[in-house]
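Have a look at work_1.cif; it's mmCIF, N, CA and C atoms:
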data_work
#
loop_
_atom_site.label_atom_id
_atom_site.label_comp_id
_atom_site.auth_asym_id
_atom_site.auth_seq_id
_atom_site.Cartn_x
_atom_site.Cartn_y
_atom_site.Cartn_z
N MET K 25 -17.00 -13.11 -7.33
CA MET K 25 -17.20 -11.69 -7.54
C MET K 25 -16.01 -10.92 -6.97
N SER K 26 -15.45 -10.05 -7.72
CA SER K 26 -14.28 -9.29 -7.30
C SER K 26 -14.69 -8.11 -6.43
N VAL K 27 -14.06 -8.01 -5.26
CA VAL K 27 -14.33 -6.89 -4.36
C VAL K 27 -13.11 -6.01 -4.20
N MET K 28 -12.08 -6.23 -5.02
CA MET K 28 -10.85 -5.47 -4.86
C MET K 28 -11.12 -3.98 -5.02
N ARG K 29 -10.74 -3.24 -3.99
CA ARG K 29 -10.86 -1.79 -4.05
C ARG K 29 -10.06 -1.19 -2.90
N TRP K 30 -9.91 0.10 -2.96
CA TRP K 30 -9.23 0.81 -1.88
C TRP K 30 -10.04 2.04 -1.55
N GLU K 31 -9.76 2.58 -0.37
CA GLU K 31 -10.43 3.81 0.03
C GLU K 31 -9.58 4.54 1.06
N HIS K 32 -9.90 5.81 1.24
CA HIS K 32 -9.26 6.64 2.25
C HIS K 32 -10.28 6.92 3.34
N PHE K 33 -9.78 7.13 4.56
CA PHE K 33 -10.66 7.61 5.62
C PHE K 33 -9.91 8.65 6.43
N PRO K 34 -10.62 9.68 6.89
CA PRO K 34 -9.94 10.82 7.55
C PRO K 34 -9.43 10.45 8.94
N HIS K 35 -8.35 11.11 9.33
CA HIS K 35 -7.81 10.94 10.67
C HIS K 35 -6.99 12.17 11.03
N GLU K 36 -7.59 13.09 11.74
CA GLU K 36 -6.93 14.32 12.19
C GLU K 36 -6.06 14.90 11.08
N ALA K 37 -4.75 15.04 11.31
CA ALA K 37 -3.86 15.64 10.31
C ALA K 37 -3.32 14.61 9.33
N ASP K 38 -3.53 13.34 9.59
CA ASP K 38 -3.00 12.27 8.74
C ASP K 38 -4.10 11.69 7.87
N MET K 39 -3.82 10.53 7.25
CA MET K 39 -4.80 9.94 6.32
C MET K 39 -4.87 8.44 6.57
N GLY K 40 -6.08 7.93 6.58
CA GLY K 40 -6.29 6.49 6.69
C GLY K 40 -6.35 5.86 5.32
N ILE K 41 -5.75 4.68 5.22
CA ILE K 41 -5.83 3.92 3.97
C ILE K 41 -6.43 2.56 4.28
N ARG K 42 -7.21 2.06 3.34
CA ARG K 42 -7.85 0.77 3.52
C ARG K 42 -7.85 0.03 2.20
N GLY K 43 -7.33 -1.18 2.22
CA GLY K 43 -7.38 -2.06 1.06
C GLY K 43 -8.38 -3.17 1.33
N ILE K 44 -9.18 -3.49 0.32
CA ILE K 44 -10.21 -4.51 0.46
C ILE K 44 -10.07 -5.47 -0.71
N GLY K 45 -10.11 -6.77 -0.42
CA GLY K 45 -9.97 -7.75 -1.48
C GLY K 45 -10.61 -9.08 -1.13
N ASN K 46 -10.60 -9.97 -2.10
CA ASN K 46 -11.11 -11.33 -1.89
C ASN K 46 -10.15 -12.15 -1.04
N THR K 47 -8.88 -11.75 -1.04
CA THR K 47 -7.84 -12.45 -0.29
C THR K 47 -7.02 -11.43 0.51
N ARG K 48 -6.27 -11.94 1.45
CA ARG K 48 -5.36 -11.06 2.20
C ARG K 48 -4.35 -10.42 1.26
N ASP K 49 -3.84 -11.18 0.28
CA ASP K 49 -2.89 -10.65 -0.69
C ASP K 49 -3.48 -9.45 -1.42
N GLU K 50 -4.72 -9.59 -1.90
CA GLU K 50 -5.39 -8.49 -2.61
C GLU K 50 -5.58 -7.29 -1.70
N ALA K 51 -5.93 -7.51 -0.45
CA ALA K 51 -6.12 -6.39 0.49
C ALA K 51 -4.81 -5.64 0.69
N PHE K 52 -3.68 -6.35 0.78
CA PHE K 52 -2.37 -5.70 0.90
C PHE K 52 -2.05 -4.91 -0.37
N GLU K 53 -2.36 -5.47 -1.54
CA GLU K 53 -2.13 -4.76 -2.80
C GLU K 53 -2.97 -3.48 -2.86
N GLN K 54 -4.22 -3.58 -2.46
CA GLN K 54 -5.11 -2.43 -2.52
C GLN K 54 -4.73 -1.37 -1.48
N ALA K 55 -4.21 -1.78 -0.33
CA ALA K 55 -3.73 -0.81 0.65
C ALA K 55 -2.55 -0.02 0.07
N ALA K 56 -1.68 -0.69 -0.66
CA ALA K 56 -0.55 -0.01 -1.30
C ALA K 56 -1.05 0.98 -2.35
N LEU K 57 -2.07 0.58 -3.11
CA LEU K 57 -2.67 1.51 -4.09
C LEU K 57 -3.29 2.72 -3.40
N ALA K 58 -3.96 2.47 -2.28
CA ALA K 58 -4.55 3.58 -1.53
C ALA K 58 -3.47 4.54 -1.06
N MET K 59 -2.31 4.00 -0.67
CA MET K 59 -1.22 4.86 -0.24
C MET K 59 -0.68 5.68 -1.42
N THR K 60 -0.52 5.05 -2.58
CA THR K 60 -0.09 5.79 -3.76
C THR K 60 -1.08 6.88 -4.11
N ALA K 61 -2.38 6.60 -3.95
CA ALA K 61 -3.41 7.56 -4.31
C ALA K 61 -3.41 8.81 -3.42
N ILE K 62 -2.76 8.74 -2.29
CA ILE K 62 -2.60 9.95 -1.46
C ILE K 62 -1.60 10.88 -2.13
N ILE K 63 -0.62 10.31 -2.80
CA ILE K 63 0.45 11.07 -3.44
C ILE K 63 0.04 11.57 -4.82
N THR K 64 -0.51 10.65 -5.62
CA THR K 64 -0.85 10.96 -7.01
C THR K 64 -1.90 9.96 -7.50
N ASP K 65 -2.40 10.15 -8.69
CA ASP K 65 -3.35 9.23 -9.29
C ASP K 65 -2.60 7.97 -9.73
N PRO K 66 -2.86 6.82 -9.10
CA PRO K 66 -2.11 5.61 -9.45
C PRO K 66 -2.29 5.15 -10.89
N THR K 67 -3.38 5.55 -11.55
CA THR K 67 -3.58 5.16 -12.94
C THR K 67 -2.63 5.90 -13.88
N GLN K 68 -2.00 6.97 -13.39
CA GLN K 68 -1.03 7.72 -14.19
C GLN K 68 0.40 7.21 -14.04
N VAL K 69 0.58 6.15 -13.23
CA VAL K 69 1.92 5.61 -12.99
C VAL K 69 2.09 4.36 -13.85
N LYS K 70 3.04 4.41 -14.78
CA LYS K 70 3.30 3.28 -15.67
C LYS K 70 4.21 2.26 -14.99
N ALA K 71 4.04 1.02 -15.35
CA ALA K 71 4.82 -0.08 -14.79
C ALA K 71 6.07 -0.32 -15.64
N VAL K 72 7.04 0.57 -15.53
CA VAL K 72 8.26 0.45 -16.34
C VAL K 72 9.44 -0.09 -15.54
N GLU K 73 9.36 -0.03 -14.20
CA GLU K 73 10.42 -0.59 -13.35
C GLU K 73 9.78 -1.48 -12.31
N LYS K 74 10.53 -2.51 -11.90
CA LYS K 74 10.02 -3.47 -10.91
C LYS K 74 10.97 -3.50 -9.72
N VAL K 75 10.39 -3.48 -8.52
CA VAL K 75 11.17 -3.58 -7.29
C VAL K 75 10.63 -4.79 -6.51
N GLU K 76 11.54 -5.67 -6.11
CA GLU K 76 11.17 -6.85 -5.31
C GLU K 76 11.30 -6.50 -3.84
N ILE K 77 10.31 -6.89 -3.05
CA ILE K 77 10.32 -6.62 -1.62
C ILE K 77 9.95 -7.90 -0.88
N THR K 78 10.71 -8.21 0.16
CA THR K 78 10.41 -9.34 1.03
C THR K 78 10.45 -8.85 2.47
N ARG K 79 9.46 -9.21 3.25
CA ARG K 79 9.39 -8.80 4.65
C ARG K 79 8.81 -9.94 5.48
N GLN K 80 9.20 -9.97 6.76
CA GLN K 80 8.65 -10.93 7.71
C GLN K 80 8.24 -10.17 8.96
N ALA K 81 7.19 -10.66 9.60
CA ALA K 81 6.71 -10.06 10.85
C ALA K 81 5.97 -11.13 11.63
N PRO K 82 5.79 -10.93 12.93
CA PRO K 82 5.12 -11.94 13.74
C PRO K 82 3.61 -12.06 13.51
N ASP K 83 2.99 -11.03 12.88
CA ASP K 83 1.55 -11.11 12.59
C ASP K 83 1.23 -10.26 11.36
N ASP K 84 0.01 -10.40 10.89
CA ASP K 84 -0.41 -9.71 9.66
C ASP K 84 -0.41 -8.20 9.81
N GLU K 85 -0.80 -7.69 10.97
CA GLU K 85 -0.85 -6.24 11.17
C GLU K 85 0.54 -5.63 11.07
N LEU K 86 1.51 -6.20 11.78
CA LEU K 86 2.87 -5.69 11.71
C LEU K 86 3.45 -5.86 10.30
N LEU K 87 3.05 -6.93 9.63
CA LEU K 87 3.50 -7.16 8.26
C LEU K 87 2.97 -6.07 7.32
N LEU K 88 1.73 -5.65 7.52
CA LEU K 88 1.17 -4.58 6.68
C LEU K 88 1.96 -3.29 6.86
N VAL K 89 2.25 -2.90 8.09
CA VAL K 89 3.01 -1.68 8.34
C VAL K 89 4.40 -1.79 7.74
N ASP K 90 5.04 -2.94 7.91
CA ASP K 90 6.38 -3.14 7.36
C ASP K 90 6.35 -3.06 5.83
N TRP K 91 5.36 -3.65 5.20
CA TRP K 91 5.18 -3.61 3.74
C TRP K 91 5.03 -2.18 3.25
N LEU K 92 4.14 -1.45 3.87
CA LEU K 92 3.90 -0.07 3.43
C LEU K 92 5.13 0.81 3.67
N ASN K 93 5.81 0.61 4.80
CA ASN K 93 7.01 1.40 5.07
C ASN K 93 8.15 1.03 4.12
N ALA K 94 8.20 -0.22 3.69
CA ALA K 94 9.19 -0.62 2.68
C ALA K 94 8.92 0.12 1.37
N LEU K 95 7.66 0.29 1.02
CA LEU K 95 7.31 1.05 -0.19
C LEU K 95 7.69 2.52 -0.04
N VAL K 96 7.44 3.10 1.13
CA VAL K 96 7.82 4.50 1.37
C VAL K 96 9.33 4.64 1.21
N TYR K 97 10.08 3.70 1.75
CA TYR K 97 11.55 3.73 1.63
C TYR K 97 11.98 3.65 0.16
N GLU K 98 11.38 2.72 -0.58
CA GLU K 98 11.74 2.55 -1.99
C GLU K 98 11.39 3.81 -2.80
N MET K 99 10.25 4.42 -2.49
CA MET K 99 9.88 5.65 -3.20
C MET K 99 10.88 6.76 -2.90
N ALA K 100 11.28 6.86 -1.65
CA ALA K 100 12.19 7.94 -1.24
C ALA K 100 13.60 7.75 -1.79
N THR K 101 14.11 6.53 -1.74
CA THR K 101 15.50 6.30 -2.14
C THR K 101 15.67 6.14 -3.64
N ARG K 102 14.70 5.55 -4.30
CA ARG K 102 14.79 5.33 -5.75
C ARG K 102 14.10 6.43 -6.55
N LYS K 103 13.36 7.30 -5.86
CA LYS K 103 12.59 8.37 -6.53
C LYS K 103 11.59 7.78 -7.53
N LEU K 104 10.90 6.72 -7.08
CA LEU K 104 9.90 6.04 -7.90
C LEU K 104 8.52 6.21 -7.29
N LEU K 105 7.51 6.12 -8.14
CA LEU K 105 6.13 5.97 -7.72
C LEU K 105 5.66 4.61 -8.23
N PHE K 106 4.78 3.97 -7.47
CA PHE K 106 4.30 2.65 -7.85
C PHE K 106 2.80 2.68 -8.11
N GLY K 107 2.38 1.99 -9.17
CA GLY K 107 0.97 1.97 -9.54
C GLY K 107 0.37 0.58 -9.65
N ARG K 108 1.22 -0.44 -9.46
CA ARG K 108 0.72 -1.83 -9.53
C ARG K 108 1.55 -2.68 -8.58
N PHE K 109 0.88 -3.65 -7.94
CA PHE K 109 1.55 -4.48 -6.94
C PHE K 109 1.11 -5.93 -7.08
N GLU K 110 2.04 -6.82 -6.82
CA GLU K 110 1.74 -8.26 -6.72
C GLU K 110 2.26 -8.70 -5.35
N VAL K 111 1.35 -9.14 -4.50
CA VAL K 111 1.70 -9.49 -3.13
C VAL K 111 1.31 -10.94 -2.84
N HIS K 112 2.19 -11.64 -2.14
CA HIS K 112 1.90 -13.00 -1.66
C HIS K 112 2.34 -13.07 -0.21
N VAL K 113 1.40 -13.43 0.66
CA VAL K 113 1.68 -13.57 2.08
C VAL K 113 1.45 -15.02 2.47
N LYS K 114 2.47 -15.58 3.12
CA LYS K 114 2.35 -16.95 3.61
C LYS K 114 3.16 -17.05 4.90
N ASP K 115 2.51 -17.52 5.96
CA ASP K 115 3.17 -17.70 7.25
C ASP K 115 3.88 -16.42 7.71
N HIS K 116 3.22 -15.30 7.59
CA HIS K 116 3.73 -13.99 8.01
C HIS K 116 5.00 -13.56 7.28
N THR K 117 5.18 -14.11 6.08
CA THR K 117 6.26 -13.66 5.19
C THR K 117 5.61 -13.10 3.93
N LEU K 118 6.00 -11.89 3.59
CA LEU K 118 5.47 -11.23 2.41
C LEU K 118 6.55 -11.20 1.34
N THR K 119 6.18 -11.62 0.14
CA THR K 119 7.03 -11.44 -1.03
C THR K 119 6.18 -10.65 -2.02
N ALA K 120 6.78 -9.61 -2.57
CA ALA K 120 5.99 -8.72 -3.41
C ALA K 120 6.84 -8.12 -4.52
N ARG K 121 6.13 -7.66 -5.54
CA ARG K 121 6.70 -6.86 -6.62
C ARG K 121 5.90 -5.58 -6.70
N ALA K 122 6.63 -4.48 -6.77
CA ALA K 122 6.00 -3.17 -6.97
C ALA K 122 6.45 -2.66 -8.32
N PHE K 123 5.50 -2.25 -9.14
CA PHE K 123 5.80 -1.78 -10.49
C PHE K 123 5.51 -0.29 -10.57
N GLY K 124 6.45 0.45 -11.15
CA GLY K 124 6.24 1.89 -11.24
C GLY K 124 7.20 2.56 -12.18
N GLU K 125 7.36 3.86 -11.97
CA GLU K 125 8.22 4.65 -12.83
C GLU K 125 8.82 5.81 -12.02
N PRO K 126 9.87 6.42 -12.55
CA PRO K 126 10.46 7.57 -11.85
C PRO K 126 9.44 8.70 -11.67
N MET K 127 9.58 9.39 -10.54
CA MET K 127 8.72 10.53 -10.25
C MET K 127 8.90 11.60 -11.32
N ASP K 128 7.79 12.12 -11.80
CA ASP K 128 7.79 13.20 -12.78
C ASP K 128 6.78 14.23 -12.29
N PHE K 129 7.29 15.33 -11.76
CA PHE K 129 6.42 16.32 -11.13
C PHE K 129 5.41 16.92 -12.10
N THR K 130 5.73 16.97 -13.40
CA THR K 130 4.78 17.51 -14.36
C THR K 130 3.68 16.51 -14.71
N LYS K 131 4.01 15.24 -14.69
CA LYS K 131 3.04 14.20 -15.03
C LYS K 131 2.21 13.74 -13.84
N HIS K 132 2.86 13.54 -12.70
CA HIS K 132 2.20 12.89 -11.57
C HIS K 132 1.47 13.84 -10.62
N HIS K 133 1.72 15.12 -10.70
CA HIS K 133 1.01 16.11 -9.87
C HIS K 133 0.94 15.65 -8.41
N MET K 134 2.10 15.41 -7.83
CA MET K 134 2.18 14.89 -6.48
C MET K 134 1.67 15.92 -5.47
N VAL K 135 0.80 15.45 -4.60
CA VAL K 135 0.12 16.32 -3.65
C VAL K 135 0.88 16.41 -2.33
N VAL K 136 1.22 15.27 -1.74
CA VAL K 136 1.90 15.23 -0.44
C VAL K 136 3.00 14.18 -0.47
N GLU K 137 3.82 14.21 0.55
CA GLU K 137 4.84 13.17 0.75
C GLU K 137 4.41 12.35 1.96
N ILE K 138 4.50 11.05 1.83
CA ILE K 138 4.16 10.17 2.94
C ILE K 138 5.42 9.89 3.75
N LYS K 139 5.32 10.11 5.05
CA LYS K 139 6.46 9.88 5.94
C LYS K 139 6.53 8.43 6.38
N GLY K 140 5.38 7.79 6.53
CA GLY K 140 5.39 6.39 6.93
C GLY K 140 4.04 5.89 7.37
N ALA K 141 3.91 4.58 7.40
CA ALA K 141 2.71 3.92 7.91
C ALA K 141 2.84 3.81 9.43
N THR K 142 1.72 3.92 10.13
CA THR K 142 1.72 3.89 11.59
C THR K 142 0.90 2.70 12.10
N TYR K 143 0.93 2.53 13.42
CA TYR K 143 0.14 1.47 14.07
C TYR K 143 -1.26 1.93 14.42
N THR K 144 -1.56 3.19 14.15
CA THR K 144 -2.88 3.74 14.47
C THR K 144 -3.93 3.15 13.52
N ALA K 145 -5.06 2.73 14.09
CA ALA K 145 -6.18 2.13 13.34
C ALA K 145 -5.72 0.91 12.53
N LEU K 146 -4.66 0.27 12.97
CA LEU K 146 -4.08 -0.88 12.27
C LEU K 146 -4.99 -2.09 12.39
N ARG K 147 -5.30 -2.68 11.24
CA ARG K 147 -6.20 -3.83 11.22
C ARG K 147 -6.02 -4.62 9.94
N VAL K 148 -5.85 -5.93 10.08
CA VAL K 148 -5.89 -6.86 8.96
C VAL K 148 -6.79 -8.00 9.39
N ALA K 149 -7.90 -8.18 8.67
CA ALA K 149 -8.87 -9.19 9.09
C ALA K 149 -9.76 -9.60 7.94
N GLN K 150 -10.31 -10.81 8.08
CA GLN K 150 -11.33 -11.26 7.14
C GLN K 150 -12.69 -10.97 7.76
N GLU K 151 -13.52 -10.25 7.03
CA GLU K 151 -14.84 -9.86 7.51
C GLU K 151 -15.81 -11.03 7.40
N SER K 152 -16.96 -10.91 8.03
CA SER K 152 -17.96 -11.97 8.01
C SER K 152 -18.49 -12.25 6.60
N ASN K 153 -18.39 -11.24 5.69
CA ASN K 153 -18.83 -11.44 4.31
C ASN K 153 -17.75 -12.08 3.43
N GLY K 154 -16.59 -12.39 4.02
CA GLY K 154 -15.51 -13.04 3.28
C GLY K 154 -14.44 -12.09 2.77
N GLU K 155 -14.74 -10.79 2.73
CA GLU K 155 -13.76 -9.81 2.26
C GLU K 155 -12.63 -9.66 3.28
N TRP K 156 -11.43 -9.43 2.74
CA TRP K 156 -10.28 -9.10 3.58
C TRP K 156 -10.09 -7.60 3.60
N VAL K 157 -9.74 -7.06 4.76
CA VAL K 157 -9.49 -5.64 4.94
C VAL K 157 -8.09 -5.48 5.53
N ALA K 158 -7.33 -4.54 4.97
CA ALA K 158 -6.00 -4.20 5.48
C ALA K 158 -5.96 -2.67 5.57
N GLN K 159 -5.79 -2.14 6.78
CA GLN K 159 -5.86 -0.69 6.94
C GLN K 159 -4.91 -0.19 8.00
N CYS K 160 -4.56 1.09 7.89
CA CYS K 160 -3.80 1.80 8.91
C CYS K 160 -3.83 3.28 8.57
N ILE K 161 -3.23 4.07 9.44
CA ILE K 161 -3.07 5.51 9.22
C ILE K 161 -1.65 5.74 8.71
N VAL K 162 -1.52 6.59 7.70
CA VAL K 162 -0.18 6.97 7.23
C VAL K 162 0.07 8.43 7.61
N ASP K 163 1.30 8.68 8.00
CA ASP K 163 1.73 10.01 8.41
C ASP K 163 2.11 10.79 7.15
N VAL K 164 1.42 11.91 6.92
CA VAL K 164 1.70 12.74 5.75
C VAL K 164 2.26 14.08 6.15
#
Encoded form using structure tokens:
Amino acid sequence: MSVMRWEHFPHEADMGIRGIGNTRDEAFEQAALAMTAIITDPTQVKAVEKVEITRQAPDDELLLVDWLNALVYEMATRKLLFGRFEVHVKDHTLTARAFGEPMDFTKHHMVVEIKGATYTALRVAQESNGEWVAQCIVDV
């Protein structure tokens, strides 16, 4: 049964993002979608360009923050929005593809700009029901 989904949770002036999946990879993908959904509707972002991202960290939590901040960097420097992700994590090394398109203010109706992922409420874990959760607060 597929449990892939994302959600937001409130946190003072910032925003919490949470990715949930059957695997850690899916939870990381869903966390990235949750981050995109703070900016715009991810279903409105076409997969016309692909960006490859590789990151390493000593644990899953730091890897999640590094992954999300790599996406923030790519969005800022390439002026892209991403609506689909393929993530593979093995031995605290993440290899991923982010698919998206150039920002279009008339199409994407961007609400806020994300400054970065933080260590606040940072958690990557497998729950007792088998679902994986990847979450943190992003600075908006």
Find the residues around Val136 of chain K up to 7 Å (all atoms listed in the file counted), leave out those fewer than 6 positions away in its own chain, and share them as an mmCIF file with N, CA and C atoms, in the frame of the given file.
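Okay, this is what ended up in part-v2.cif:
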data_model
loop_
_atom_site.group_PDB
_atom_site.id
_atom_site.type_symbol
_atom_site.label_atom_id
_atom_site.label_comp_id
_atom_site.auth_asym_id
_atom_site.auth_seq_id
_atom_site.Cartn_x
_atom_site.Cartn_y
_atom_site.Cartn_z
ATOM 1 N N ILE K 62 -2.760 8.740 -2.290
ATOM 2 C CA ILE K 62 -2.600 9.950 -1.460
ATOM 3 C C ILE K 62 -1.600 10.880 -2.130
ATOM 4 N N ILE K 63 -0.620 10.310 -2.800
ATOM 5 C CA ILE K 63 0.450 11.070 -3.440
ATOM 6 C C ILE K 63 0.040 11.570 -4.820
ATOM 7 N N THR K 64 -0.510 10.650 -5.620
ATOM 8 C CA THR K 64 -0.850 10.960 -7.010
ATOM 9 C C THR K 64 -1.900 9.960 -7.500
ATOM 10 N N VAL K 164 1.420 11.910 6.920
ATOM 11 C CA VAL K 164 1.700 12.740 5.750
ATOM 12 C C VAL K 164 2.260 14.080 6.150
#
Please extract the residues of segment 84-146 of chain K with a backbone DSSP assignment of strand (DSSP E or B) and present them as JSON, numbers by chain. {"K": [104, 105, 106, 107, 108, 109, 110, 111, 112, 113, 114, 117, 118, 119, 120, 121, 122, 123, 124, 125, 126, 140, 141]}
Could you save those same residues with N, CA and C atoms as a PDB file, keeping the file's coordinate frame?
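Written output follows (part_11.pdb):
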ATOM      1  N   LEU K 104      10.900   6.720  -7.080  1.00  0.00           N
ATOM      2  CA  LEU K 104       9.900   6.040  -7.900  1.00  0.00           C
ATOM      3  C   LEU K 104       8.520   6.210  -7.290  1.00  0.00           C
ATOM      4  N   LEU K 105       7.510   6.120  -8.140  1.00  0.00           N
ATOM      5  CA  LEU K 105       6.130   5.970  -7.720  1.00  0.00           C
ATOM      6  C   LEU K 105       5.660   4.610  -8.230  1.00  0.00           C
ATOM      7  N   PHE K 106       4.780   3.970  -7.470  1.00  0.00           N
ATOM      8  CA  PHE K 106       4.300   2.650  -7.850  1.00  0.00           C
ATOM      9  C   PHE K 106       2.800   2.680  -8.110  1.00  0.00           C
ATOM     10  N   GLY K 107       2.380   1.990  -9.170  1.00  0.00           N
ATOM     11  CA  GLY K 107       0.970   1.970  -9.540  1.00  0.00           C
ATOM     12  C   GLY K 107       0.370   0.580  -9.650  1.00  0.00           C
ATOM     13  N   ARG K 108       1.220  -0.440  -9.460  1.00  0.00           N
ATOM     14  CA  ARG K 108       0.720  -1.830  -9.530  1.00  0.00           C
ATOM     15  C   ARG K 108       1.550  -2.680  -8.580  1.00  0.00           C
ATOM     16  N   PHE K 109       0.880  -3.650  -7.940  1.00  0.00           N
ATOM     17  CA  PHE K 109       1.550  -4.480  -6.940  1.00  0.00           C
ATOM     18  C   PHE K 109       1.110  -5.930  -7.080  1.00  0.00           C
ATOM     19  N   GLU K 110       2.040  -6.820  -6.820  1.00  0.00           N
ATOM     20  CA  GLU K 110       1.740  -8.260  -6.720  1.00  0.00           C
ATOM     21  C   GLU K 110       2.260  -8.700  -5.350  1.00  0.00           C
ATOM     22  N   VAL K 111       1.350  -9.140  -4.500  1.00  0.00           N
ATOM     23  CA  VAL K 111       1.700  -9.490  -3.130  1.00  0.00           C
ATOM     24  C   VAL K 111       1.310 -10.940  -2.840  1.00  0.00           C
ATOM     25  N   HIS K 112       2.190 -11.640  -2.140  1.00  0.00           N
ATOM     26  CA  HIS K 112       1.900 -13.000  -1.660  1.00  0.00           C
ATOM     27  C   HIS K 112       2.340 -13.070  -0.210  1.00  0.00           C
ATOM     28  N   VAL K 113       1.400 -13.430   0.660  1.00  0.00           N
ATOM     29  CA  VAL K 113       1.680 -13.570   2.080  1.00  0.00           C
ATOM     30  C   VAL K 113       1.450 -15.020   2.470  1.00  0.00           C
ATOM     31  N   LYS K 114       2.470 -15.580   3.120  1.00  0.00           N
ATOM     32  CA  LYS K 114       2.350 -16.950   3.610  1.00  0.00           C
ATOM     33  C   LYS K 114       3.160 -17.050   4.900  1.00  0.00           C
ATOM     34  N   THR K 117       5.180 -14.110   6.080  1.00  0.00           N
ATOM     35  CA  THR K 117       6.260 -13.660   5.190  1.00  0.00           C
ATOM     36  C   THR K 117       5.610 -13.100   3.930  1.00  0.00           C
ATOM     37  N   LEU K 118       6.000 -11.890   3.590  1.00  0.00           N
ATOM     38  CA  LEU K 118       5.470 -11.230   2.410  1.00  0.00           C
ATOM     39  C   LEU K 118       6.550 -11.200   1.340  1.00  0.00           C
ATOM     40  N   THR K 119       6.180 -11.620   0.140  1.00  0.00           N
ATOM     41  CA  THR K 119       7.030 -11.440  -1.030  1.00  0.00           C
ATOM     42  C   THR K 119       6.180 -10.650  -2.020  1.00  0.00           C
ATOM     43  N   ALA K 120       6.780  -9.610  -2.570  1.00  0.00           N
ATOM     44  CA  ALA K 120       5.990  -8.720  -3.410  1.00  0.00           C
ATOM     45  C   ALA K 120       6.840  -8.120  -4.520  1.00  0.00           C
ATOM     46  N   ARG K 121       6.130  -7.660  -5.540  1.00  0.00           N
ATOM     47  CA  ARG K 121       6.700  -6.860  -6.620  1.00  0.00           C
ATOM     48  C   ARG K 121       5.900  -5.580  -6.700  1.00  0.00           C
ATOM     49  N   ALA K 122       6.630  -4.480  -6.770  1.00  0.00           N
ATOM     50  CA  ALA K 122       6.000  -3.170  -6.970  1.00  0.00           C
ATOM     51  C   ALA K 122       6.450  -2.660  -8.320  1.00  0.00           C
ATOM     52  N   PHE K 123       5.500  -2.250  -9.140  1.00  0.00           N
ATOM     53  CA  PHE K 123       5.800  -1.780 -10.490  1.00  0.00           C
ATOM     54  C   PHE K 123       5.510  -0.290 -10.570  1.00  0.00           C
ATOM     55  N   GLY K 124       6.450   0.450 -11.150  1.00  0.00           N
ATOM     56  CA  GLY K 124       6.240   1.890 -11.240  1.00  0.00           C
ATOM     57  C   GLY K 124       7.200   2.560 -12.180  1.00  0.00           C
ATOM     58  N   GLU K 125       7.360   3.860 -11.970  1.00  0.00           N
ATOM     59  CA  GLU K 125       8.220   4.650 -12.830  1.00  0.00           C
ATOM     60  C   GLU K 125       8.820   5.810 -12.020  1.00  0.00           C
ATOM     61  N   PRO K 126       9.870   6.420 -12.550  1.00  0.00           N
ATOM     62  CA  PRO K 126      10.460   7.570 -11.850  1.00  0.00           C
ATOM     63  C   PRO K 126       9.440   8.700 -11.670  1.00  0.00           C
ATOM     64  N   GLY K 140       5.380   7.790   6.530  1.00  0.00           N
ATOM     65  CA  GLY K 140       5.390   6.390   6.930  1.00  0.00           C
ATOM     66  C   GLY K 140       4.040   5.890   7.370  1.00  0.00           C
ATOM     67  N   ALA K 141       3.910   4.580   7.400  1.00  0.00           N
ATOM     68  CA  ALA K 141       2.710   3.920   7.910  1.00  0.00           C
ATOM     69  C   ALA K 141       2.840   3.810   9.430  1.00  0.00           C
TER      70      ALA K 141
END
At a cut-off of 5 Å, using only N, CA and C atoms, what residues contact segment 124-129 of chain K? Leave out same-chain residues fewer than 4 positions from it and give the result as a VMD selection string. chain K and resid 70 to 73 103 to 107 133
Please expand the PyMOL selection byres ((chain K and resi 47) around 7) into the concrete residues it hits in this file, giving the result as a PyMOL selection string. chain K and resi 44-46+48-52+154-157
Got a sec to resolve the PyMOL selection byres ((chain K and resi 81-97) around 7) on this structure and send the residues as a ChimeraX atom specification? /K:52,56,79-80,98-102,115-118,138-143,146-148
Name the residues that the PyMOL selection byres (((chain K and resi 34-42 and name CA) around 8) and name CA) pulls out of this structure, and write them as a list of chain:residue names.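 Selected by the PyMOL selection byres (((chain K and resi 34-42 and name CA) around 8) and name CA) here: K:Trp30, K:Glu31, K:His32, K:Phe33, K:Gly43, K:Ile44, K:Ala51, K:Gln54, K:Ala55, K:Ala58, K:Met59, K:Ala145, K:Val157, K:Ala158, K:Gln159, K:Cys160, K:Ile161, K:Val162, K:Asp163, K:Val164.
In this model, the gap between atom C of Val69 of chain K and atom CA of Met134 of chain K comes to 12.9 Å.
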Alpha helix (DSSP H) call set, DSSP backbone run, chain K, as a PyMOL selection string: chain K and resi 48-63+84-102+129-132
